[in-house]
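Have a look at protein32.txt below; it lists compact mmCIF, C-alpha atoms and all ligand atoms.
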# COMPACT_ATOMS: atom_id res chain seq x y z
CA MET A 1 -19.70 -20.52 -12.49
CA THR A 2 -18.91 -20.66 -16.20
CA GLY A 3 -18.78 -23.75 -18.43
CA SER A 4 -20.12 -27.20 -17.72
CA SER A 5 -17.23 -28.60 -15.68
CA PRO A 6 -17.87 -29.98 -12.22
CA PRO A 7 -17.71 -27.38 -9.45
CA GLY A 8 -14.13 -26.90 -8.29
CA ALA A 9 -12.48 -28.01 -11.55
CA PRO A 10 -9.79 -25.41 -12.24
CA HIS A 11 -10.88 -24.78 -15.83
CA ALA A 12 -14.32 -23.81 -14.56
CA PHE A 13 -12.90 -20.53 -13.31
CA PRO A 14 -12.38 -17.52 -15.54
CA LYS A 15 -8.89 -16.71 -16.75
CA ARG A 16 -8.88 -13.32 -15.05
CA VAL A 17 -9.10 -15.15 -11.70
CA LEU A 18 -6.96 -18.19 -12.49
CA GLY A 19 -4.24 -15.95 -13.90
CA VAL A 20 -3.78 -14.17 -10.58
CA SER A 21 -1.62 -15.75 -7.88
CA MET A 22 -1.64 -15.10 -4.17
CA PRO A 23 1.22 -12.89 -2.98
CA PRO A 24 4.05 -15.06 -1.53
CA ILE A 25 3.80 -13.29 1.82
CA ASP A 26 0.90 -15.64 2.56
CA ALA A 27 3.01 -18.79 2.21
CA LEU A 28 5.86 -17.18 4.14
CA ASN A 29 3.51 -16.24 7.00
CA THR A 30 2.13 -19.78 7.09
CA ARG A 31 5.65 -21.20 7.29
CA MET A 32 6.56 -18.69 10.02
CA ALA A 33 3.52 -19.76 12.05
CA GLN A 34 4.50 -23.43 11.66
CA MET A 35 8.06 -22.70 12.75
CA ASN A 36 6.92 -20.68 15.76
CA ALA A 37 4.36 -23.32 16.74
CA ALA A 38 7.19 -25.87 16.73
CA GLY A 39 9.13 -23.73 19.21
CA GLY A 40 10.94 -21.55 16.65
CA ASP A 41 11.66 -17.87 17.10
CA VAL A 42 10.94 -16.18 13.78
CA ILE A 43 10.95 -12.38 13.52
CA SER A 44 8.93 -10.81 10.73
CA LEU A 45 10.37 -7.94 8.71
CA GLY A 46 7.77 -8.76 6.11
CA GLN A 47 4.67 -6.94 7.23
CA SER A 48 3.48 -3.55 6.17
CA VAL A 49 2.12 -2.86 9.64
CA PRO A 50 3.68 -0.09 11.75
CA PHE A 51 5.07 -0.88 15.22
CA PHE A 52 2.49 1.41 16.92
CA GLY A 53 -1.23 1.02 17.54
CA PRO A 54 -3.99 3.63 17.29
CA PRO A 55 -4.26 6.71 19.54
CA PRO A 56 -5.59 5.71 23.00
CA ARG A 57 -8.32 8.34 22.61
CA MET A 58 -9.63 6.39 19.63
CA ILE A 59 -10.19 3.32 21.79
CA GLU A 60 -11.96 5.46 24.41
CA ALA A 61 -14.17 6.96 21.71
CA VAL A 62 -15.17 3.48 20.61
CA ARG A 63 -15.98 2.51 24.21
CA ASP A 64 -18.11 5.63 24.55
CA ALA A 65 -19.85 4.93 21.24
CA LEU A 66 -20.83 1.44 22.40
CA ASP A 67 -22.92 3.16 25.08
CA SER A 68 -23.97 6.33 23.37
CA PHE A 69 -24.24 5.76 19.63
CA GLY A 70 -27.50 3.83 19.88
CA PRO A 71 -28.95 1.58 17.20
CA ARG A 72 -27.04 3.44 14.48
CA LEU A 73 -23.94 1.50 15.50
CA HIS A 74 -25.56 -1.83 14.73
CA THR A 75 -27.15 -1.17 11.39
CA TYR A 76 -26.02 -0.35 7.86
CA GLY A 77 -25.00 3.24 7.29
CA PRO A 78 -24.87 5.30 4.11
CA ASP A 79 -22.88 3.49 1.40
CA ALA A 80 -20.45 6.39 1.07
CA GLY A 81 -19.73 6.55 4.80
CA ILE A 82 -21.21 8.22 7.88
CA PRO A 83 -21.41 12.01 7.46
CA GLU A 84 -19.17 12.63 10.51
CA LEU A 85 -16.34 10.70 8.86
CA ARG A 86 -16.81 12.19 5.41
CA HIS A 87 -16.63 15.65 6.94
CA ALA A 88 -13.56 14.76 9.04
CA LEU A 89 -11.87 13.40 5.91
CA ALA A 90 -12.72 16.52 3.92
CA ARG A 91 -11.06 18.62 6.64
CA LYS A 92 -8.01 16.35 6.65
CA LEU A 93 -7.79 16.50 2.85
CA ALA A 94 -7.94 20.30 2.92
CA ASP A 95 -5.46 20.78 5.78
CA PHE A 96 -2.97 18.00 5.11
CA ASN A 97 -3.25 17.30 1.38
CA GLY A 98 -4.32 20.65 -0.07
CA ILE A 99 -7.34 19.02 -1.73
CA GLU A 100 -10.75 20.70 -1.54
CA VAL A 101 -13.65 18.26 -1.86
CA ASP A 102 -17.32 18.34 -1.08
CA PRO A 103 -17.83 15.79 1.74
CA ASP A 104 -21.34 15.02 0.56
CA SER A 105 -20.52 14.10 -3.01
CA GLN A 106 -16.77 13.59 -3.43
CA ILE A 107 -15.72 11.18 -0.68
CA MET A 108 -16.49 7.53 -0.28
CA VAL A 109 -15.30 5.60 2.78
CA THR A 110 -14.24 2.03 2.01
CA PRO A 111 -13.34 -0.99 4.13
CA GLY A 112 -9.59 -0.40 3.68
CA SER A 113 -7.85 1.26 0.78
CA ASN A 114 -7.17 -2.01 -1.04
CA GLN A 115 -10.90 -2.05 -1.54
CA ALA A 116 -10.79 1.59 -2.60
CA PHE A 117 -8.39 0.54 -5.35
CA MET A 118 -10.50 -2.45 -6.38
CA VAL A 119 -13.68 -0.33 -6.45
CA THR A 120 -11.85 2.27 -8.54
CA MET A 121 -10.71 -0.32 -11.08
CA MET A 122 -14.19 -1.83 -11.28
CA THR A 123 -15.63 1.62 -11.79
CA ILE A 124 -13.34 2.92 -14.52
CA LEU A 125 -12.18 -0.11 -16.53
CA GLN A 126 -13.68 -1.69 -19.61
CA PRO A 127 -12.38 -5.19 -20.43
CA GLY A 128 -8.95 -4.86 -22.07
CA ASP A 129 -8.28 -1.34 -20.82
CA GLU A 130 -4.68 -0.80 -19.78
CA VAL A 131 -3.46 0.49 -16.44
CA ALA A 132 0.17 1.51 -16.02
CA ILE A 133 1.83 0.78 -12.71
CA ALA A 134 5.42 1.08 -11.50
CA SER A 135 7.61 -2.01 -11.45
CA PRO A 136 8.51 -3.07 -8.80
CA CYS A 137 4.83 -2.89 -7.98
CA TYR A 138 2.50 -3.35 -5.03
CA PHE A 139 1.13 -6.79 -5.88
CA SER A 140 -2.44 -6.07 -4.78
CA HIS A 141 -2.66 -3.35 -7.45
CA HIS A 142 -1.54 -5.86 -10.08
CA MET A 143 -4.11 -8.40 -8.85
CA ALA A 144 -6.99 -5.92 -8.75
CA ILE A 145 -6.40 -4.65 -12.28
CA GLU A 146 -6.43 -8.17 -13.70
CA LEU A 147 -9.39 -9.29 -11.59
CA CYS A 148 -11.33 -6.37 -13.05
CA GLY A 149 -10.52 -7.42 -16.62
CA GLY A 150 -7.83 -4.79 -17.15
CA VAL A 151 -4.36 -5.25 -18.57
CA VAL A 152 -1.32 -4.29 -16.51
CA ARG A 153 1.39 -2.25 -18.24
CA GLU A 154 4.50 -2.16 -16.09
CA ILE A 155 6.68 0.94 -15.97
CA PRO A 156 10.16 -0.44 -15.26
CA LEU A 157 11.93 1.82 -12.78
CA GLY A 158 15.65 2.03 -12.19
CA GLU A 159 17.36 1.09 -8.96
CA GLU A 160 20.05 3.66 -9.77
CA SER A 161 17.48 6.51 -9.71
CA GLY A 162 16.14 5.31 -6.35
CA PHE A 163 13.10 3.89 -8.17
CA GLN A 164 11.83 7.32 -9.14
CA MET A 165 8.86 7.37 -11.52
CA ARG A 166 9.06 10.04 -14.21
CA MET A 167 6.89 11.13 -17.11
CA GLU A 168 9.63 10.02 -19.49
CA GLU A 169 9.27 6.40 -18.32
CA VAL A 170 5.48 6.57 -18.16
CA GLU A 171 5.37 7.87 -21.73
CA ARG A 172 6.97 4.67 -23.04
CA VAL A 173 4.11 2.45 -21.91
CA LEU A 174 1.16 4.67 -22.86
CA THR A 175 -1.07 3.40 -25.65
CA PRO A 176 -4.50 4.46 -26.91
CA ARG A 177 -5.92 1.87 -24.50
CA THR A 178 -4.35 3.40 -21.40
CA ARG A 179 -7.17 4.23 -19.03
CA ALA A 180 -5.19 5.04 -15.90
CA VAL A 181 -1.72 5.48 -14.44
CA VAL A 182 -1.19 4.59 -10.79
CA ILE A 183 1.09 6.77 -8.69
CA THR A 184 2.06 5.30 -5.33
CA SER A 185 4.23 7.72 -3.40
CA PRO A 186 5.66 7.01 -0.83
CA ASN A 187 5.97 3.66 -2.48
CA ASN A 188 5.50 0.07 -1.46
CA PRO A 189 7.82 -1.84 -2.00
CA THR A 190 10.64 0.60 -2.77
CA GLY A 191 10.10 3.41 -0.26
CA ALA A 192 10.55 5.96 -3.07
CA VAL A 193 8.97 9.38 -2.63
CA TYR A 194 8.49 10.82 -6.09
CA ASP A 195 9.88 14.19 -6.97
CA PRO A 196 7.05 16.77 -6.60
CA GLY A 197 7.97 18.44 -9.91
CA GLU A 198 7.68 15.11 -11.73
CA VAL A 199 4.38 14.32 -10.04
CA ALA A 200 3.07 17.68 -11.20
CA LEU A 201 4.29 17.00 -14.73
CA MET A 202 2.74 13.51 -14.79
CA VAL A 203 -0.61 14.68 -13.51
CA ARG A 204 -0.76 17.59 -15.98
CA GLU A 205 0.31 15.53 -18.99
CA LEU A 206 -1.85 12.51 -18.23
CA THR A 207 -5.05 14.33 -17.38
CA ALA A 208 -4.65 16.53 -20.45
CA ARG A 209 -4.71 13.31 -22.50
CA GLY A 210 -7.83 12.04 -20.76
CA VAL A 211 -5.99 9.42 -18.68
CA TYR A 212 -6.99 8.92 -15.04
CA VAL A 213 -4.32 9.39 -12.38
CA VAL A 214 -5.01 7.03 -9.50
CA SER A 215 -2.96 8.13 -6.52
CA ASP A 216 -2.39 5.68 -3.67
CA GLU A 217 -1.36 7.72 -0.65
CA ALA A 218 -1.40 5.02 2.03
CA TYR A 219 2.06 6.05 3.31
CA GLU A 220 1.65 9.82 3.01
CA VAL A 221 3.00 10.64 6.46
CA PHE A 222 6.16 8.51 6.26
CA CYS A 223 8.84 10.71 4.68
CA TYR A 224 12.52 11.09 5.67
CA ASP A 225 15.52 13.32 4.96
CA GLY A 226 13.35 16.24 3.86
CA ALA A 227 11.46 14.26 1.19
CA LYS A 228 8.00 15.70 0.65
CA HIS A 229 4.82 13.86 -0.22
CA VAL A 230 2.53 15.76 -2.58
CA SER A 231 -1.02 14.83 -3.49
CA PRO A 232 -1.50 14.88 -7.27
CA ALA A 233 -5.03 16.27 -6.90
CA SER A 234 -3.63 19.37 -5.19
CA LEU A 235 -1.43 20.19 -8.18
CA VAL A 236 -3.98 20.87 -10.89
CA ASP A 237 -6.93 23.24 -11.12
CA ASP A 238 -9.03 20.63 -12.83
CA ALA A 239 -8.72 17.41 -10.83
CA GLU A 240 -11.68 15.73 -12.55
CA LEU A 241 -9.47 12.83 -13.67
CA VAL A 242 -7.50 12.43 -10.44
CA ILE A 243 -8.68 9.76 -8.03
CA SER A 244 -7.04 10.00 -4.60
CA LEU A 245 -7.00 6.88 -2.45
CA GLY A 246 -6.23 7.15 1.24
CA SER A 247 -5.91 4.84 4.20
CA LEU A 248 -5.93 5.20 7.96
CA SER A 249 -4.21 1.81 8.32
CA LYS A 250 -0.56 2.82 8.51
CA THR A 251 -1.05 6.45 9.58
CA PHE A 252 -2.77 5.46 12.82
CA GLY A 253 -1.54 1.88 13.29
CA MET A 254 -5.03 0.53 12.68
CA THR A 255 -4.68 -1.96 9.81
CA GLY A 256 -7.23 -4.27 11.45
CA TRP A 257 -9.96 -1.61 11.52
CA ARG A 258 -10.10 -1.50 7.72
CA ILE A 259 -10.78 2.13 6.91
CA GLY A 260 -9.77 3.69 3.62
CA TYR A 261 -11.38 6.18 1.26
CA ILE A 262 -11.73 7.48 -2.25
CA ALA A 263 -11.70 11.22 -2.92
CA ALA A 264 -12.67 11.97 -6.51
CA SER A 265 -15.04 13.85 -8.75
CA ALA A 266 -18.73 13.65 -7.86
CA GLU A 267 -19.32 11.62 -11.02
CA VAL A 268 -16.66 9.02 -10.19
CA CYS A 269 -18.09 8.76 -6.67
CA ARG A 270 -21.64 8.43 -8.03
CA GLN A 271 -20.56 5.46 -10.15
CA ALA A 272 -18.21 3.93 -7.56
CA VAL A 273 -20.86 3.82 -4.88
CA LYS A 274 -22.75 1.25 -6.95
CA VAL A 275 -19.71 -1.02 -6.84
CA GLN A 276 -19.33 -0.47 -3.11
CA ASP A 277 -23.00 -1.27 -2.57
CA ALA A 278 -22.60 -4.60 -4.35
CA MET A 279 -19.37 -5.43 -2.55
CA ALA A 280 -19.77 -4.31 1.03
CA ILE A 281 -22.69 -1.83 1.31
CA CYS A 282 -20.58 0.26 3.67
CA ALA A 283 -17.53 0.08 5.90
CA PRO A 284 -18.31 -1.18 9.44
CA ILE A 285 -19.92 1.64 11.41
CA VAL A 286 -17.94 1.11 14.60
CA CYS A 287 -14.72 1.39 12.59
CA GLN A 288 -15.94 4.60 11.00
CA VAL A 289 -16.65 6.02 14.48
CA ALA A 290 -13.11 5.02 15.46
CA ALA A 291 -11.72 6.71 12.34
CA VAL A 292 -13.42 10.02 13.21
CA ALA A 293 -11.69 9.97 16.60
CA ALA A 294 -8.33 8.99 15.07
CA LEU A 295 -8.50 11.89 12.59
CA ASP A 296 -8.67 14.31 15.53
CA HIS A 297 -4.99 13.42 16.00
CA MET A 298 -3.87 14.13 12.45
CA PRO A 299 -1.03 14.78 11.86
CA ALA A 300 0.44 15.04 15.39
CA TYR A 301 -0.03 11.37 16.28
CA PRO A 302 1.71 9.76 13.30
CA LEU A 303 4.35 12.47 13.18
CA GLY A 304 5.12 11.67 16.82
CA MET A 305 6.15 8.18 15.67
CA MET A 306 8.63 9.43 13.11
CA GLY A 307 11.54 9.74 15.57
CA GLU A 308 11.44 5.99 16.15
CA MET A 309 10.99 5.28 12.44
CA LYS A 310 14.01 7.43 11.61
CA ASP A 311 16.07 5.65 14.25
CA ARG A 312 15.20 2.25 12.81
CA ARG A 313 16.10 3.43 9.35
CA ARG A 314 19.48 4.65 10.64
CA MET A 315 20.10 1.27 12.29
CA LEU A 316 19.33 -0.52 9.05
CA ASP A 317 21.68 1.77 7.18
CA ALA A 318 24.45 1.03 9.71
CA MET A 319 23.94 -2.72 9.33
CA LEU A 320 24.06 -2.38 5.52
CA SER A 321 27.31 -0.45 5.59
CA GLU A 322 28.92 -3.46 7.29
CA THR A 323 27.29 -6.07 5.06
CA PRO A 324 28.81 -5.94 1.57
CA ALA A 325 26.42 -8.59 0.21
CA LEU A 326 23.51 -6.16 0.61
CA SER A 327 23.08 -2.82 -1.07
CA TRP A 328 20.45 -0.12 -1.00
CA GLU A 329 19.95 2.78 -3.38
CA LYS A 330 18.62 5.03 -0.69
CA THR A 331 14.93 5.87 -0.77
CA HIS A 332 13.13 8.25 1.54
CA GLY A 333 9.65 7.10 2.41
CA ALA A 334 7.22 4.49 3.78
CA PHE A 335 8.95 1.93 6.02
CA PHE A 336 10.36 -0.40 3.41
CA VAL A 337 13.57 -0.82 1.53
CA MET A 338 14.31 -2.98 -1.49
CA LEU A 339 17.75 -4.44 -0.92
CA ARG A 340 19.88 -5.96 -3.65
CA ALA A 341 21.26 -9.24 -2.37
CA ASP A 342 24.53 -10.33 -3.92
CA VAL A 343 24.60 -13.91 -2.70
CA GLU A 344 25.49 -17.42 -3.82
CA LEU A 345 22.60 -19.58 -2.81
CA ASP A 346 21.65 -22.58 -4.80
CA GLY A 347 18.23 -22.67 -6.25
CA ARG A 348 15.93 -21.35 -3.59
CA ASP A 349 15.04 -17.81 -3.01
CA THR A 350 17.12 -15.80 -0.57
CA ALA A 351 14.11 -14.78 1.51
CA TRP A 352 13.09 -18.41 1.99
CA GLU A 353 16.63 -19.44 2.88
CA MET A 354 16.89 -16.67 5.44
CA LEU A 355 13.57 -17.66 6.99
CA GLU A 356 14.61 -21.29 7.31
CA ARG A 357 18.18 -20.71 8.43
CA VAL A 358 18.05 -17.72 10.78
CA GLY A 359 14.34 -17.16 11.36
CA VAL A 360 13.92 -13.73 9.75
CA LEU A 361 10.99 -13.20 7.41
CA THR A 362 11.42 -10.77 4.51
CA VAL A 363 9.57 -10.65 1.20
CA PRO A 364 11.29 -11.97 -1.95
CA GLY A 365 11.76 -9.27 -4.58
CA GLY A 366 10.11 -11.52 -7.16
CA ALA A 367 6.78 -10.84 -5.41
CA PHE A 368 6.93 -7.33 -6.91
CA GLY A 369 7.79 -8.38 -10.47
CA GLU A 370 9.90 -11.25 -11.84
CA GLN A 371 12.87 -9.07 -12.72
CA TRP A 372 13.32 -8.11 -9.06
CA SER A 373 14.19 -11.59 -7.85
CA GLY A 374 17.71 -10.46 -6.88
CA PHE A 375 16.17 -8.26 -4.19
CA ILE A 376 14.42 -8.63 -0.85
CA ARG A 377 11.96 -6.19 0.69
CA VAL A 378 12.57 -5.39 4.32
CA SER A 379 10.08 -3.59 6.52
CA PHE A 380 11.93 -1.66 9.21
CA GLY A 381 8.75 -0.29 10.75
CA SER A 382 6.97 -3.37 12.03
CA PRO A 383 8.44 -5.43 14.86
CA PRO A 384 8.94 -4.26 18.43
CA ARG A 385 12.28 -2.47 18.80
CA ASP A 386 14.19 -5.28 20.55
CA ARG A 387 13.01 -7.85 18.01
CA TYR A 388 14.00 -5.52 15.19
CA GLU A 389 17.53 -5.19 16.60
CA GLU A 390 17.77 -8.97 16.88
CA ALA A 391 16.53 -9.40 13.29
CA LEU A 392 19.17 -7.00 11.97
CA SER A 393 21.94 -8.88 13.68
CA ARG A 394 20.64 -12.22 12.33
CA MET A 395 20.48 -10.73 8.83
CA ALA A 396 24.04 -9.44 9.07
CA SER A 397 25.32 -12.88 10.06
CA PHE A 398 23.27 -14.64 7.35
CA PHE A 399 24.56 -12.37 4.58
CA GLY A 400 28.08 -12.49 6.02
CA VAL A 401 28.09 -16.25 5.48
CA HIS A 402 26.34 -16.29 2.10
CA ALA A 403 28.05 -13.37 0.37
CA ARG A 404 29.05 -14.10 -3.22
CA ARG A 405 32.82 -14.67 -3.27
C1 LIG A 501 0.65 0.88 -1.31
C2 LIG A 501 -0.45 0.31 -0.47
N1 LIG A 501 -1.70 0.70 -0.70
C3 LIG A 501 -2.72 0.21 0.00
C4 LIG A 501 -2.51 -0.71 1.00
C5 LIG A 501 -3.69 -1.27 1.71
O1 LIG A 501 -4.00 -0.58 2.85
P1 LIG A 501 -5.40 -0.78 3.57
O2 LIG A 501 -5.07 -1.41 4.87
O3 LIG A 501 -5.96 0.58 3.70
O4 LIG A 501 -6.24 -1.67 2.71
C6 LIG A 501 -1.23 -1.16 1.28
C7 LIG A 501 -1.00 -2.18 2.31
O5 LIG A 501 0.04 -2.68 2.54
C8 LIG A 501 -0.17 -0.64 0.51
O6 LIG A 501 1.07 -1.04 0.73

Take the structure I supplied and represent it as structure tokens, if you would.
Ligand SMILES: Cc1ncc(COP(=O)(O)O)c(C=O)c1O
Amino acid sequence: MTGSSPPGAPHAFPKRVLGVSMPPIDALNTRMAQMNAAGGDVISLGQSVPFFGPPPRMIEAVRDALDSFGPRLHTYGPDAGIPELRHALARKLADFNGIEVDPDSQIMVTPGSNQAFMVTMMTILQPGDEVAIASPCYFSHHMAIELCGGVVREIPLGEESGFQMRMEEVERVLTPRTRAVVITSPNNPTGAVYDPGEVALMVRELTARGVYVVSDEAYEVFCYDGAKHVSPASLVDDAELVISLGSLSKTFGMTGWRIGYIAASAEVCRQAVKVQDAMAICAPIVCQVAAVAALDHMPAYPLGMMGEMKDRRRMLDAMLSETPALSWEKTHGAFFVMLRADVELDGRDTAWEMLERVGVLTVPGGAFGEQWSGFIRVSFGSPPRDRYEEALSRMASFFGVHARR
């Protein structure tokens, strides 16, 4: 606690905390719960949670571990993660991402990849250092940078280019204080998969100037229409300044198990592990055991879900073609789309209106940067199939009524 104000007085908190607001999805979820508790029937297209759960074999492996793993399951493990998981991740990184790392010194398992990002920022930033992120942005990145005393530099991306991030746009926001540039591809909230040639250019140019590339690859398996995810660390011989962040959350439908990781240079990992020790010590051991079993099914398990994802995306596209008030510059990854909403609605945000009037939860574009308030983010990957179909038909009728005339 700083200052002499009574505990709880707002001005007793530091600016870097007070300046950060909670993402609006929280308030929307609370309202949805109220509506449902009062007998409502709200469908969420707001969550970044896939419709599927983890591989059944993962659950069996956890059951077995409860019997066989012994006391190791109930005590702290190594800060950087249990060796079995670090080795499984190193194999996955080599086979799926084309990244060669030493499992003993270049991987750190974290309780979810949001924490991997926070740990990274805490590890590399000095107060006032700048971090460039795409706009629209994933709000947790924005929050973490500011909470760590960094300054966010937004890279405004164009809807007309399908929200592609290019070196040309990055260049405009670089300053001598730029410490890192964040690449999130496939992207939340836009669904953009960045052009591999541009990713290669960005990683070469930035690392040559001593700027870290922090690559968030949480949606790496979700690509459509031939789009290809590439891992920046696989594109350069010297990946010393590339920090790859991964997550098992979406890939294996296990957001609640909280397993993510950092793959980076041994020096970054050596520093980052101090932050992890102070924050969490280690990720929960039982979840790490689960993650080892899940990785046995990489990439067949998540790829087996792509038929359904593609179908949902096609259904969304069909609804949009009959709903002139909504438009989508097609993107090719993750399970989100940012839709431009051309509507006449007085005052309140479209997403809130839609929630109240037809019981469909989406995320207001303003959550991803003020200039995106004319958009809504829709997750097509989350609800059960029948609920998704119902949500699309409610959306079509809502936007049919509220189209700008
Ligand atoms: C781009 C991006 N990165 C990271 C995360 C966090 O994932 P995890 O569950 O691993 O913390 C999310 C979650 O929605 C995300 O959208």

Mind working out the centre and edge lengths of an axis-aligned box for ligand LIG 501 (chain A), all listed atoms inside, 5 Å added to each side, rounded to one decimal in Å and written as AutoDock Vina command-line options?
--center_x -2.6 --center_y -0.9 --center_z 1.8 --size_x 17.3 --size_y 13.6 --size_z 16.2

> Hey, which residues come within 10 Å of ligand LIG 501 (chain A) if we count all atoms listed in the file? Could you give them as an MDAnalysis selection string?
Replying inline: chainID A and resid 47:49 110:117 137:141 183:189 191 215:220 245:251 253:261 334:336

>> I want to know what sits within 9 Å of Ile133 in chain A, based on all atoms listed in the file, with residues of the same chain fewer than 5 positions away left out; could you give that as a PyMOL selection string?
In response: chain A and resi 138+141-142+152-156+170+180-184

> Using all atoms listed in the file, which residues sit within 8 Å of Leu295 in chain A once same-chain residues fewer than 4 positions away are excluded, as a PyMOL selection string?
Replying inline: chain A and resi 88-89+92+291

> Which residues, protein or nucleic acid, reach to within 12 Å of (-9.6, 7.4, -11.8) in the file's coordinates when using all atoms listed in the file, and can you give that as a PyMOL selection string?
Replying inline: chain A and resi 116-125+131+178-183+203+206-207+210-216+232-233+239-245+262-269+271-272
